[in-house]
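*Asks:* First the structure, then my questions, so here it is.
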Amino acid sequence: SDGSFSQQMIQTLNHLKKSYVEIYLKRHRKARLNAEEDKRKQTLMKDFRLKELQKLSTIELMPHQSLTSFQNKLAGLKSCFQLTGSDLASNPVCRDCGFKPIQEDQTTAGSEMLKQLDDELDRLHQSWVKSLLSNLEDPTVQEKMELLQRSNREKVAGFLKSKTLPDDLSDEFLKAIQEALSGLSKIVISLDDLKKALYAEGSPATPKELKERFSGYLNHLIAGKDQDKVRIVIE
């Protein structure tokens, strides 16, 4: 009868609606940080390692794009922890964050991404400190350090001796580092440009051809420059 058919339809629709709510809530929890995770995100945004990197980014030789990429990924983690099933009964999309599964990459949960970013920040911080030490220990830079003002020379020498950044990254310290490295020439290579140079028009290459293409590309970049003072940064 029409009545039983209508009742069946209502039951089917209610079942579909219930399934939708369950799936949406599950994906929403995966894509969004809960209250505890949001606190971890805020703590990471104020982390001393990030603060130091932000200050070090004023030094021209540093790979700024890697820091920008990290900050964008951290800022991109969205927090939303008040959605309930009853909210979805009247609106199929979260009113607070507008989460739409089809528009977002959910291969990695927000909580897991937060952990990965914490580890990435650690690697980034270590890499930058190691890079600074390596460049400051370069004979070319050591010669330049003799020309620095005594106070600045002592700041840089202290960093080289301790192998760790001072607790206070003062403007004076950053200026001393920048001055010491000012004789170096930074050349930025993007991965896209490198790929285009090595695989012109997407063509395959033998190892020998690849070496020749890379050598030609590198020679083009450093033409007219003192090779001992050139530093390549891939961003």
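Here's how to read the names in the structure tokens: chain A, B, ... by the order shown, residue numbers from 1 in each chain, ligand numbers from 1 in the order shown.
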Could you please write out, as JSON, numbers by chain, every residue of stretch 22-201 of chain A that DSSP assigns to strand (DSSP E or B)?
*Replies:* {"A": [33, 79, 185, 186, 187, 188, 189]}
*Asks:* With a cut-off of 7 Å, could you pull out the residues of stretch 2-36 of chain A touching stretch 77-85 of chain A and give me the nearest pair of atoms for each, distance in Å to one decimal, using only C-alpha atoms, ordered by chain and ascending number, as a tab-separated table?
*Replies:*
residue	atom	partner	partner_atom	distance
A:Val21	CA	A:Gly85	CA	6.1
A:Arg32	CA	A:Ser79	CA	5.1
A:Leu33	CA	A:Ser79	CA	4.4
A:Asn34	CA	A:Phe81	CA	4.9
A:Ala35	CA	A:Phe81	CA	6.2
*Asks:* Per residue of stretch 100-157 of chain A within 8 Å of stretch 39-63 of chain A, what are the shortest atom pair and its distance in Å to one decimal, counting only C-alpha atoms, with rows by chain and residue number, as CSV?
*Replies:*
residue,atom,partner,partner_atom,distance
A:Leu114,CA,A:Lys41,CA,7.0
A:Asp118,CA,A:Leu44,CA,7.2
A:Leu121,CA,A:Leu50,CA,7.1
A:Asp122,CA,A:Arg49,CA,7.4
A:His125,CA,A:Arg49,CA,6.3
A:Trp128,CA,A:Met62,CA,7.3
*Asks:* Just want the 9 Å neighbourhood of stretch 130-133 of chain A, counted on only C-alpha atoms, with same-chain residues fewer than 4 positions away dropped. Output as a ChimeraX atom specification.
*Replies:* /A:61-62,125-126,137-138,159-160,163,177
*Asks:* Quick one, how far is atom CA of A:Leu194 from atom CA of A:Leu210?
*Replies:*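 The value is 11.4 Å.
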*Asks:* Let me make sure I understand: among A:Thr108, A:Ser185, A:Ser162, A:Ser170, which one has the smallest atom-to-atom distance to A:Asn135 if we use only C-alpha atoms?
*Replies:*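 Checking each of A:Thr108, A:Ser185, A:Ser162, A:Ser170 against A:Asn135, counting only C-alpha atoms, the winner is A:Ser185.
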